[in-house]
$ cat entry04.tsv   # TSV, C-alpha atoms
chain	number	residue	atom	x	y	z
A	551	MET	CA	0.00	0.00	0.00
A	552	ALA	CA	2.79	2.36	0.93
A	553	LYS	CA	4.55	1.43	-2.31
A	554	SER	CA	1.54	2.25	-4.47
A	555	SER	CA	1.00	5.54	-2.62
A	556	SER	CA	4.62	6.49	-3.23
A	557	LEU	CA	4.31	5.60	-6.90
A	558	LEU	CA	1.13	7.66	-7.22
A	559	PHE	CA	2.83	10.63	-5.55
A	560	HIS	CA	5.78	10.53	-7.94
A	561	LEU	CA	3.55	10.15	-10.99
A	562	THR	CA	1.49	13.17	-9.86
A	563	LEU	CA	4.65	15.19	-9.27
A	564	LEU	CA	6.02	14.26	-12.71
A	565	LEU	CA	2.73	15.23	-14.40
A	566	THR	CA	2.71	18.56	-12.57
A	567	LEU	CA	6.25	19.36	-13.68
A	568	LEU	CA	5.55	18.38	-17.28
A	569	THR	CA	2.36	20.42	-17.57
A	570	SER	CA	3.86	23.47	-15.87
A	571	HIS	CA	6.55	23.61	-18.55
A	572	SER	CA	4.42	22.65	-21.52
A	573	LEU	CA	1.31	24.75	-21.03
A	574	PRO	CA	1.45	28.13	-22.82
A	575	THR	CA	1.69	31.17	-20.58
A	576	ASN	CA	0.27	34.63	-21.11
A	577	PRO	CA	3.08	37.04	-20.24
A	578	LYS	CA	2.29	40.70	-19.81
A	579	PRO	CA	3.03	42.45	-23.13
A	580	LYS	CA	6.19	44.50	-23.15
A	581	GLN	CA	5.75	48.25	-22.76
A	582	ARG	CA	6.83	50.30	-25.76
A	583	PHE	CA	7.56	53.28	-23.52
A	584	THR	CA	9.15	53.17	-20.10
A	585	LYS	CA	9.91	56.89	-19.85
A	586	ILE	CA	8.23	60.18	-20.74
A	587	TYR	CA	9.94	63.54	-20.87
A	588	ALA	CA	7.53	66.47	-20.94
A	589	PHE	CA	7.98	70.16	-21.81
A	590	GLY	CA	5.65	73.15	-22.08
A	591	ASP	CA	3.83	75.67	-19.92
A	592	SER	CA	1.12	75.58	-17.24
A	593	PHE	CA	-1.08	73.22	-19.26
A	594	THR	CA	1.65	70.58	-18.73
A	595	ASP	CA	3.44	71.69	-15.53
A	596	THR	CA	2.99	69.08	-12.78
A	597	GLY	CA	4.68	71.03	-10.02
A	598	ASN	CA	7.69	73.06	-11.16
A	599	THR	CA	5.75	76.22	-10.28
A	600	HIS	CA	4.72	77.27	-6.78
A	601	SER	CA	2.68	80.21	-5.57
A	602	THR	CA	5.85	82.27	-5.10
A	603	THR	CA	7.00	81.69	-8.70
A	604	GLY	CA	3.70	81.69	-10.60
A	605	PRO	CA	2.82	84.18	-13.33
A	606	TYR	CA	1.04	87.45	-12.63
A	607	SER	CA	-2.52	87.09	-11.23
A	608	PHE	CA	-2.11	83.31	-11.04
A	609	GLY	CA	0.29	83.13	-8.12
A	610	TYR	CA	-1.80	80.97	-5.80
A	611	VAL	CA	-1.37	77.49	-7.29
A	612	SER	CA	-0.06	76.06	-4.01
A	613	SER	CA	-3.30	76.97	-2.25
A	614	PRO	CA	-6.68	75.29	-2.18
A	615	PRO	CA	-8.96	74.76	-4.01
A	616	TYR	CA	-6.29	73.77	-6.57
A	617	GLY	CA	-6.06	69.97	-6.74
A	618	THR	CA	-9.27	69.26	-4.84
A	619	THR	CA	-10.92	66.89	-7.32
A	620	PHE	CA	-8.34	64.10	-7.65
A	621	PHE	CA	-5.40	64.71	-5.34
A	622	HIS	CA	-7.50	66.38	-2.61
A	623	ARG	CA	-4.69	68.87	-2.09
A	624	SER	CA	-2.64	71.23	-4.21
A	625	THR	CA	0.12	69.55	-6.21
A	626	ASN	CA	0.96	72.85	-7.94
A	627	ARG	CA	-0.96	71.81	-11.06
A	628	TYR	CA	-3.08	74.57	-12.55
A	629	SER	CA	-6.33	72.64	-12.34
A	630	ASP	CA	-8.63	70.92	-9.89
A	631	GLY	CA	-6.98	67.59	-10.74
A	632	ARG	CA	-5.10	65.82	-13.49
A	633	LEU	CA	-3.75	67.29	-16.73
A	634	VAL	CA	-3.47	65.74	-20.21
A	635	ILE	CA	0.09	64.63	-19.43
A	636	ASP	CA	-1.25	62.74	-16.40
A	637	PHE	CA	-3.83	60.95	-18.51
A	638	LEU	CA	-1.08	60.05	-20.98
A	639	ALA	CA	0.92	58.47	-18.15
A	640	ASN	CA	-2.19	56.54	-17.09
A	641	THR	CA	-2.73	55.34	-20.65
A	642	LEU	CA	0.86	54.06	-20.85
A	643	SER	CA	0.67	52.43	-17.38
A	644	LEU	CA	3.38	54.76	-16.09
A	645	PRO	CA	3.45	56.81	-12.87
A	646	PHE	CA	2.72	60.54	-12.92
A	647	LEU	CA	5.76	62.53	-14.03
A	648	PRO	CA	7.62	64.26	-11.23
A	649	PRO	CA	8.57	67.91	-11.78
A	650	TYR	CA	12.23	68.38	-12.67
A	651	LEU	CA	12.75	71.04	-9.99
A	652	SER	CA	11.69	68.58	-7.30
A	653	ARG	CA	15.19	67.17	-7.23
A	654	ASN	CA	14.61	64.38	-4.71
A	655	SER	CA	11.93	62.70	-6.84
A	656	ASP	CA	12.09	59.29	-8.49
A	657	PHE	CA	12.94	60.00	-12.14
A	658	SER	CA	13.16	56.37	-13.23
A	659	HIS	CA	10.17	56.80	-15.57
A	660	GLY	CA	10.95	60.29	-16.83
A	661	ALA	CA	10.62	63.91	-15.77
A	662	ASN	CA	8.52	66.99	-16.44
A	663	PHE	CA	10.35	70.19	-17.40
A	664	ALA	CA	7.24	72.31	-18.12
A	665	VAL	CA	6.87	75.60	-16.23
A	666	ALA	CA	3.78	77.76	-15.84
A	667	GLY	CA	4.19	81.08	-17.64
A	668	SER	CA	7.02	79.84	-19.85
A	669	THR	CA	7.31	81.15	-23.39
A	670	ALA	CA	8.43	80.02	-26.81
A	671	ILE	CA	10.53	83.18	-27.23
A	672	GLU	CA	13.50	83.77	-24.92
A	673	TYR	CA	13.07	85.98	-21.88
A	674	GLU	CA	15.85	88.27	-23.12
A	675	PHE	CA	13.66	89.28	-26.05
A	676	TYR	CA	10.99	90.61	-23.71
A	677	ALA	CA	13.55	92.34	-21.50
A	678	LYS	CA	14.93	94.06	-24.60
A	679	HIS	CA	11.43	95.37	-25.39
A	680	ASN	CA	10.88	96.54	-21.79
A	681	ILE	CA	8.01	94.13	-21.08
A	682	SER	CA	9.79	91.80	-18.68
A	683	ILE	CA	7.83	92.80	-15.56
A	684	ASP	CA	5.94	89.79	-14.14
A	685	ILE	CA	7.11	87.55	-16.99
A	686	VAL	CA	8.43	84.17	-15.90
A	687	PRO	CA	12.10	84.08	-17.03
A	688	VAL	CA	11.82	80.59	-18.56
A	689	SER	CA	11.46	79.68	-22.22
A	690	ILE	CA	11.16	76.36	-24.03
A	691	MET	CA	14.90	76.56	-24.74
A	692	THR	CA	15.55	76.97	-21.00
A	693	GLU	CA	13.74	73.69	-20.54
A	694	LEU	CA	15.94	72.07	-23.18
A	695	GLY	CA	18.98	73.24	-21.23
A	696	TRP	CA	17.52	71.67	-18.08
A	697	PHE	CA	17.01	68.43	-20.01
A	698	ASP	CA	20.67	68.40	-21.05
A	699	LYS	CA	21.75	69.02	-17.47
A	700	PHE	CA	19.42	66.28	-16.27
A	701	LEU	CA	20.86	63.72	-18.70
A	702	LYS	CA	24.41	64.64	-17.72
A	703	GLU	CA	23.55	64.11	-14.06
A	704	LYS	CA	21.94	60.76	-14.87
A	705	GLY	CA	24.91	59.55	-16.87
A	706	GLY	CA	23.70	59.97	-20.44
A	707	ALA	CA	20.75	59.59	-22.75
A	708	PRO	CA	17.99	57.03	-22.12
A	709	ASP	CA	17.01	54.21	-24.48
A	710	MET	CA	15.30	56.33	-27.13
A	711	GLU	CA	13.33	53.35	-28.45
A	712	LYS	CA	11.52	53.26	-25.10
A	713	THR	CA	11.24	57.02	-24.53
A	714	LEU	CA	8.33	59.26	-25.47
A	715	PHE	CA	8.74	63.04	-25.67
A	716	TRP	CA	5.69	65.18	-24.95
A	717	VAL	CA	5.89	68.81	-26.10
A	718	GLY	CA	2.85	70.50	-24.63
A	719	GLU	CA	1.27	73.60	-26.07
A	720	ILE	CA	3.62	76.58	-25.93
A	721	GLY	CA	3.25	80.11	-27.29
A	722	ALA	CA	0.01	81.26	-25.68
A	723	ASN	CA	1.98	83.24	-23.09
A	724	ASP	CA	4.00	84.94	-25.82
A	725	TYR	CA	0.84	86.30	-27.45
A	726	ALA	CA	-0.53	87.35	-24.06
A	727	TYR	CA	2.69	89.17	-23.15
A	728	SER	CA	2.86	90.92	-26.53
A	729	VAL	CA	-0.34	92.80	-25.65
A	730	MET	CA	1.81	94.87	-23.28
A	731	SER	CA	3.73	96.32	-26.24
A	732	SER	CA	2.52	98.47	-29.12
A	733	THR	CA	5.61	97.65	-31.20
A	734	LEU	CA	5.38	93.86	-31.33
A	735	LEU	CA	3.26	92.84	-34.32
A	736	PRO	CA	1.29	89.55	-34.41
A	737	ASP	CA	3.08	88.24	-37.51
A	738	GLN	CA	6.45	88.99	-35.93
A	739	MET	CA	5.51	87.22	-32.70
A	740	ARG	CA	4.15	84.21	-34.54
A	741	GLY	CA	7.27	83.85	-36.65
A	742	LEU	CA	9.58	84.09	-33.66
A	743	ALA	CA	7.48	81.77	-31.48
A	744	VAL	CA	7.10	79.00	-34.05
A	745	ASN	CA	10.76	79.28	-35.10
A	746	ASN	CA	11.80	78.71	-31.51
A	747	VAL	CA	9.45	75.74	-31.11
A	748	ASN	CA	10.86	74.32	-34.34
A	749	ASN	CA	14.42	74.78	-33.06
A	750	PHE	CA	13.45	73.07	-29.82
A	751	LEU	CA	11.89	70.10	-31.63
A	752	GLU	CA	14.91	69.76	-33.87
A	753	GLY	CA	17.10	69.94	-30.77
A	754	LEU	CA	15.33	66.89	-29.35
A	755	LEU	CA	15.57	65.07	-32.67
A	756	LYS	CA	19.31	65.78	-32.89
A	757	ARG	CA	19.64	64.34	-29.39
A	758	GLY	CA	18.14	61.12	-30.69
A	759	ALA	CA	14.40	61.43	-29.99
A	760	LYS	CA	12.47	58.73	-31.88
A	761	TYR	CA	8.92	59.26	-30.65
A	762	MET	CA	7.37	62.65	-30.05
A	763	ILE	CA	3.94	64.21	-29.52
A	764	VAL	CA	3.59	67.94	-30.25
A	765	GLU	CA	0.52	69.83	-29.08
A	766	GLY	CA	-0.93	72.81	-30.90
A	767	LEU	CA	-2.58	75.69	-29.06
A	768	PRO	CA	-6.15	75.32	-27.77
A	769	LEU	CA	-8.89	77.82	-28.58
A	770	THR	CA	-7.38	80.54	-26.41
A	771	GLY	CA	-10.18	82.88	-27.49
A	772	CYS	CA	-12.66	80.70	-25.60
A	773	LEU	CA	-10.89	81.15	-22.25
A	774	PRO	CA	-12.60	83.51	-19.76
A	775	LEU	CA	-9.48	85.72	-19.62
A	776	ALA	CA	-9.67	86.41	-23.36
A	777	LEU	CA	-13.44	86.89	-23.26
A	778	SER	CA	-13.12	89.36	-20.39
A	779	LEU	CA	-10.54	91.47	-22.24
A	780	THR	CA	-12.17	91.61	-25.69
A	781	PRO	CA	-15.30	93.53	-26.73
A	782	SER	CA	-18.58	91.70	-27.26
A	783	SER	CA	-18.41	92.64	-30.95
A	784	ASP	CA	-15.33	90.41	-31.29
A	785	ARG	CA	-17.07	87.03	-31.31
A	786	ASP	CA	-16.99	84.02	-33.61
A	787	ALA	CA	-19.53	81.24	-34.21
A	788	LEU	CA	-18.59	79.67	-30.86
A	789	ASN	CA	-19.20	82.98	-29.06
A	790	CYS	CA	-15.46	83.18	-28.38
A	791	SER	CA	-13.00	85.94	-29.25
A	792	LEU	CA	-12.63	85.89	-33.03
A	793	LYS	CA	-9.34	87.81	-32.97
A	794	VAL	CA	-7.67	85.62	-30.35
A	795	ASN	CA	-8.83	82.37	-31.94
A	796	LYS	CA	-7.54	83.52	-35.33
A	797	GLN	CA	-4.18	84.17	-33.71
A	798	SER	CA	-4.08	80.63	-32.29
A	799	SER	CA	-5.22	79.18	-35.61
A	800	ALA	CA	-2.44	80.97	-37.52
A	801	HIS	CA	0.11	79.75	-34.97
A	802	ASN	CA	-1.10	76.15	-35.32
A	803	ALA	CA	-1.08	76.26	-39.11
A	804	LEU	CA	2.54	77.45	-39.16
A	805	LEU	CA	3.55	74.97	-36.47
A	806	LEU	CA	2.02	72.06	-38.40
A	807	THR	CA	3.94	73.12	-41.51
A	808	ARG	CA	7.18	72.97	-39.51
A	809	VAL	CA	6.26	69.59	-38.02
A	810	GLN	CA	5.67	68.20	-41.51
A	811	ALA	CA	9.08	69.48	-42.62
A	812	LEU	CA	10.74	67.85	-39.61
A	813	ARG	CA	9.06	64.53	-40.46
A	814	LYS	CA	10.73	64.63	-43.87
A	815	ALA	CA	14.08	65.65	-42.43
A	816	TYR	CA	13.95	62.91	-39.74
A	817	PRO	CA	12.11	60.00	-41.42
A	818	HIS	CA	13.20	57.49	-38.77
A	819	SER	CA	11.40	59.41	-36.02
A	820	VAL	CA	7.63	59.47	-35.47
A	821	ILE	CA	6.36	63.00	-34.76
A	822	SER	CA	2.68	63.13	-33.87
A	823	TYR	CA	0.65	66.35	-33.87
A	824	ALA	CA	-2.06	66.64	-31.22
A	825	ASP	CA	-4.70	69.01	-32.59
A	826	TYR	CA	-5.71	70.82	-29.41
A	827	SER	CA	-7.71	73.45	-31.27
A	828	ALA	CA	-9.85	70.85	-33.07
A	829	ALA	CA	-10.44	68.87	-29.87
A	830	HIS	CA	-11.37	72.05	-27.98
A	831	ARG	CA	-13.67	73.11	-30.81
A	832	VAL	CA	-15.67	69.88	-30.94
A	833	VAL	CA	-16.39	70.24	-27.23
A	834	MET	CA	-17.42	73.89	-27.51
A	835	GLN	CA	-19.73	73.06	-30.41
A	836	ASN	CA	-21.68	70.61	-28.29
A	837	PRO	CA	-20.60	70.82	-24.63
A	838	LYS	CA	-23.57	68.86	-23.27
A	839	ARG	CA	-22.53	65.83	-25.32
A	840	TYR	CA	-19.36	65.71	-23.22
A	841	GLY	CA	-21.08	66.40	-19.91
A	842	PHE	CA	-20.48	70.15	-19.65
A	843	THR	CA	-23.20	72.63	-18.77
A	844	GLU	CA	-20.87	75.62	-18.26
A	845	PRO	CA	-18.59	76.06	-21.31
A	846	TYR	CA	-17.60	79.68	-20.54
A	847	LYS	CA	-18.00	80.29	-16.81
A	848	THR	CA	-15.00	79.96	-14.47
A	849	CYS	CA	-15.39	77.26	-11.81
A	850	CYS	CA	-12.83	78.76	-9.43
A	851	GLY	CA	-13.23	82.50	-9.91
A	852	SER	CA	-15.03	85.59	-8.71
A	853	GLY	CA	-17.29	88.34	-9.94
A	854	GLY	CA	-20.30	86.28	-10.97
A	855	GLY	CA	-21.97	86.92	-14.30
A	856	ASP	CA	-21.48	84.86	-17.45
A	857	LEU	CA	-17.74	84.41	-16.88
A	858	ASN	CA	-17.27	84.57	-13.09
A	859	PHE	CA	-13.78	85.89	-13.71
A	860	ASP	CA	-11.88	88.81	-12.21
A	861	LEU	CA	-8.20	89.14	-13.11
A	862	PHE	CA	-7.52	90.80	-9.75
A	863	ALA	CA	-9.24	88.13	-7.64
A	864	THR	CA	-8.28	84.76	-9.07
A	865	CYS	CA	-8.44	81.17	-7.87
A	866	GLY	CA	-6.63	80.43	-4.61
A	867	SER	CA	-6.28	84.07	-3.63
A	868	PRO	CA	-7.69	85.25	-0.29
A	869	ALA	CA	-10.78	86.41	-2.18
A	870	VAL	CA	-11.36	83.02	-3.84
A	871	SER	CA	-10.89	80.14	-1.43
A	872	LYS	CA	-13.72	77.98	-2.79
A	873	ALA	CA	-14.57	76.64	-6.22
A	874	CYS	CA	-17.86	75.59	-7.78
A	875	PRO	CA	-19.40	72.46	-6.21
A	876	ASP	CA	-19.19	70.35	-9.40
A	877	PRO	CA	-16.09	71.14	-11.50
A	878	ALA	CA	-16.86	68.23	-13.86
A	879	ARG	CA	-19.69	70.33	-15.34
A	880	TYR	CA	-17.28	73.18	-16.20
A	881	VAL	CA	-14.81	73.47	-19.07
A	882	ASN	CA	-12.80	76.26	-17.41
A	883	TRP	CA	-11.16	75.99	-14.02
A	884	ASP	CA	-9.53	79.33	-13.13
A	885	GLY	CA	-10.09	81.52	-16.19
A	886	VAL	CA	-7.01	80.41	-18.14
A	887	HIS	CA	-6.66	76.70	-17.36
A	888	LEU	CA	-9.12	73.86	-17.80
A	889	THR	CA	-10.80	71.48	-15.38
A	890	GLU	CA	-9.75	67.88	-14.95
A	891	GLY	CA	-13.05	66.97	-16.63
A	892	MET	CA	-12.07	68.91	-19.75
A	893	TYR	CA	-8.51	67.56	-19.73
A	894	ARG	CA	-9.97	64.06	-19.51
A	895	VAL	CA	-12.17	64.65	-22.56
A	896	VAL	CA	-9.31	66.23	-24.54
A	897	SER	CA	-7.07	63.27	-23.65
A	898	ASP	CA	-9.70	60.83	-24.83
A	899	LEU	CA	-10.05	62.72	-28.12
A	900	PHE	CA	-6.27	62.69	-28.55
A	901	PHE	CA	-5.55	59.10	-27.62
A	902	ARG	CA	-8.64	57.28	-28.85
A	903	HIS	CA	-10.62	59.38	-31.30
A	904	GLY	CA	-8.29	60.61	-34.02
A	905	TYR	CA	-7.33	64.10	-32.84
A	906	MET	CA	-3.67	63.08	-32.73
A	907	ARG	CA	-1.96	62.15	-36.00
A	908	PRO	CA	-0.16	59.79	-36.34
A	909	SER	CA	-2.23	58.07	-33.68
A	910	LEU	CA	-1.05	56.80	-30.33
A	911	GLN	CA	-1.49	53.29	-31.73
A	912	VAL	CA	1.21	54.06	-34.30
A	913	LEU	CA	3.59	55.28	-31.62
A	914	LEU	CA	2.89	52.14	-29.62
A	915	GLY	CA	3.72	50.01	-32.65
A	916	LYS	CA	0.28	48.43	-32.79
A	917	THR	CA	-0.38	49.64	-36.32
A	918	LYS	CA	2.20	50.15	-39.05
A	919	ALA	CA	0.82	53.13	-40.88
A	920	ASP	CA	-1.36	56.14	-40.34
A	921	GLU	CA	-2.86	58.24	-43.06
A	922	GLY	CA	-2.41	61.35	-40.92
A	923	LYS	CA	1.37	61.25	-41.08

$ encode --input "entry04.tsv" --output "structure tokens"
Amino acid sequence: MAKSSSLLFHLTLLLTLLTSHSLPTNPKPKQRFTKIYAFGDSFTDTGNTHSTTGPYSFGYVSSPPYGTTFFHRSTNRYSDGRLVIDFLANTLSLPFLPPYLSRNSDFSHGANFAVAGSTAIEYEFYAKHNISIDIVPVSIMTELGWFDKFLKEKGGAPDMEKTLFWVGEIGANDYAYSVMSSTLLPDQMRGLAVNNVNNFLEGLLKRGAKYMIVEGLPLTGCLPLALSLTPSSDRDALNCSLKVNKQSSAHNALLLTRVQALRKAYPHSVISYADYSAAHRVVMQNPKRYGFTEPYKTCCGSGGGDLNFDLFATCGSPAVSKACPDPARYVNWDGVHLTEGMYRVVSDLFFRHGYMRPSLQVLLGKTKADEGK
């Protein structure tokens, strides 16, 4: 009896070993990207800016009610919660990007170099034209310099086949700052801004970047700040500032031309264009479809009325310590930046609904071609 039991035990053990080696397994698919490096302004900044360093009238980002929706505290993001860059990290199963200036962070999955108030054109240009007061002294090229310093500290470049570069919208601050001068013409500003963005993109490509997403500008004429500063006669079909939206449209058209030229010059890199303006527009055309009942009013603002925005009493200031009870119903958070709800919708349009070309699927290697390239 003992003999048969022993034999049965050994047969069972042998069968277990054989089946454990012969049965197919389902390993977790390899990640295409293990790092993200992000650049841009306040629409991308995940904490490089604090209340003491923020741009004029928006110097309260470290105070509540910033961050209340998702993080339940301020993380120095200009929103009530997550930004598009955060939703990208979620989509790629990566952690949120730490801000570069938080030097004790874990940078094993990338870093965020974006700074609120940063410009496409160098700070020295504005100083030369005597409009440097209250302008953040950081440009997109400053961020490139930080990136170089960062890589040197980390011992060299990452594996570019597994690295995604995110270049968030940049240039809106340049156009806003140019209002302070009567000598800076729109065409001049646009040429300088897009040239600098182009130089920045080419700088990344020369450093070996293989995969890149470049955002255009949103409909800046639909932001409460622009609506509060322009006359009611200056309105387009969306009831936004016609002049300001035309400015953003011209910027995007020139930027896309430069992106297309870079694709030809660097055929072994994939450069995707995220059409922020188109994504923003489709929401403004039918906000209720996306869950918004307040497309123009500021959630965290003051003054009441259609916009609930006062440039001298903005979100987080002593005058504005509370936001609207349901930010998810609002497109606009503080008069310049968007709510987490809007960033979520924009992210979904980018990553799943064709407002980014080539698509994210192309960057992930899941499809071989994309007609939008």

$ residues_around --input "entry04.tsv" --residues "stretch 655-658 of chain A" --least-positions-apart "5" --cutoff "10 Å" --atoms "only C-alpha atoms" --output "PyMOL selection string"
chain A and resi 584-587+645+647-650+700+704

$ closest_residue --input "entry04.tsv" --among "A:Gly866, A:Gly705, A:Gly885, A:Gly597" --to "A:Ala776" --atoms "all atoms listed in the file"
A:Gly885

$ closest_atom_pairs --input "entry04.tsv" --of "stretch 779-895 of chain A" --to "stretch 619-630 of chain A" --cutoff "7 Å" --atoms "only C-alpha atoms" --output "JSON lines"
{"residue": "A:Trp883", "atom": "CA", "partner": "A:Ser629", "partner_atom": "CA", "distance": 6.1}
{"residue": "A:His887", "atom": "CA", "partner": "A:Tyr628", "partner_atom": "CA", "distance": 6.4}
{"residue": "A:Leu888", "atom": "CA", "partner": "A:Ser629", "partner_atom": "CA", "distance": 6.3}
{"residue": "A:Thr889", "atom": "CA", "partner": "A:Ser629", "partner_atom": "CA", "distance": 5.5}
{"residue": "A:Glu890", "atom": "CA", "partner": "A:Asp630", "partner_atom": "CA", "distance": 6.0}

$ closest_residue --input "entry04.tsv" --among "A:Cys772, A:Leu735, A:Leu861, A:Ala800" --to "A:Ala787" --atoms "all atoms listed in the file"
A:Cys772

$ atom_distance --input "entry04.tsv" --atom1 "atom CA of A:Gln738" --atom2 "atom CA of A:Leu777"
23.7 Å

$ closest_residue --input "entry04.tsv" --among "A:Trp696, A:Phe589, A:Tyr840, A:Tyr727" --to "A:Val747" --atoms "only C-alpha atoms"
A:Phe589

$ closest_residue --input "entry04.tsv" --among "A:Ile685, A:Ala829, A:Ile821, A:Leu701" --to "A:Val764" --atoms "all atoms listed in the file"
A:Ile821

$ atom_distance --input "entry04.tsv" --atom1 "atom CA of A:Pro615" --atom2 "atom CA of A:Ser871"
6.3 Å

$ atom_distance --input "entry04.tsv" --atom1 "atom CA of A:Val634" --atom2 "atom CA of A:Leu694"
20.6 Å

$ closest_residue --input "entry04.tsv" --among "A:Asn789, A:Val794, A:Asn598, A:Glu752" --to "A:Lys814" --atoms "only C-alpha atoms"
A:Glu752

$ closest_residue --input "entry04.tsv" --among "A:Leu775, A:Ala722, A:Val686, A:Ala873" --to "A:Ser798" --atoms "only C-alpha atoms"
A:Ala722
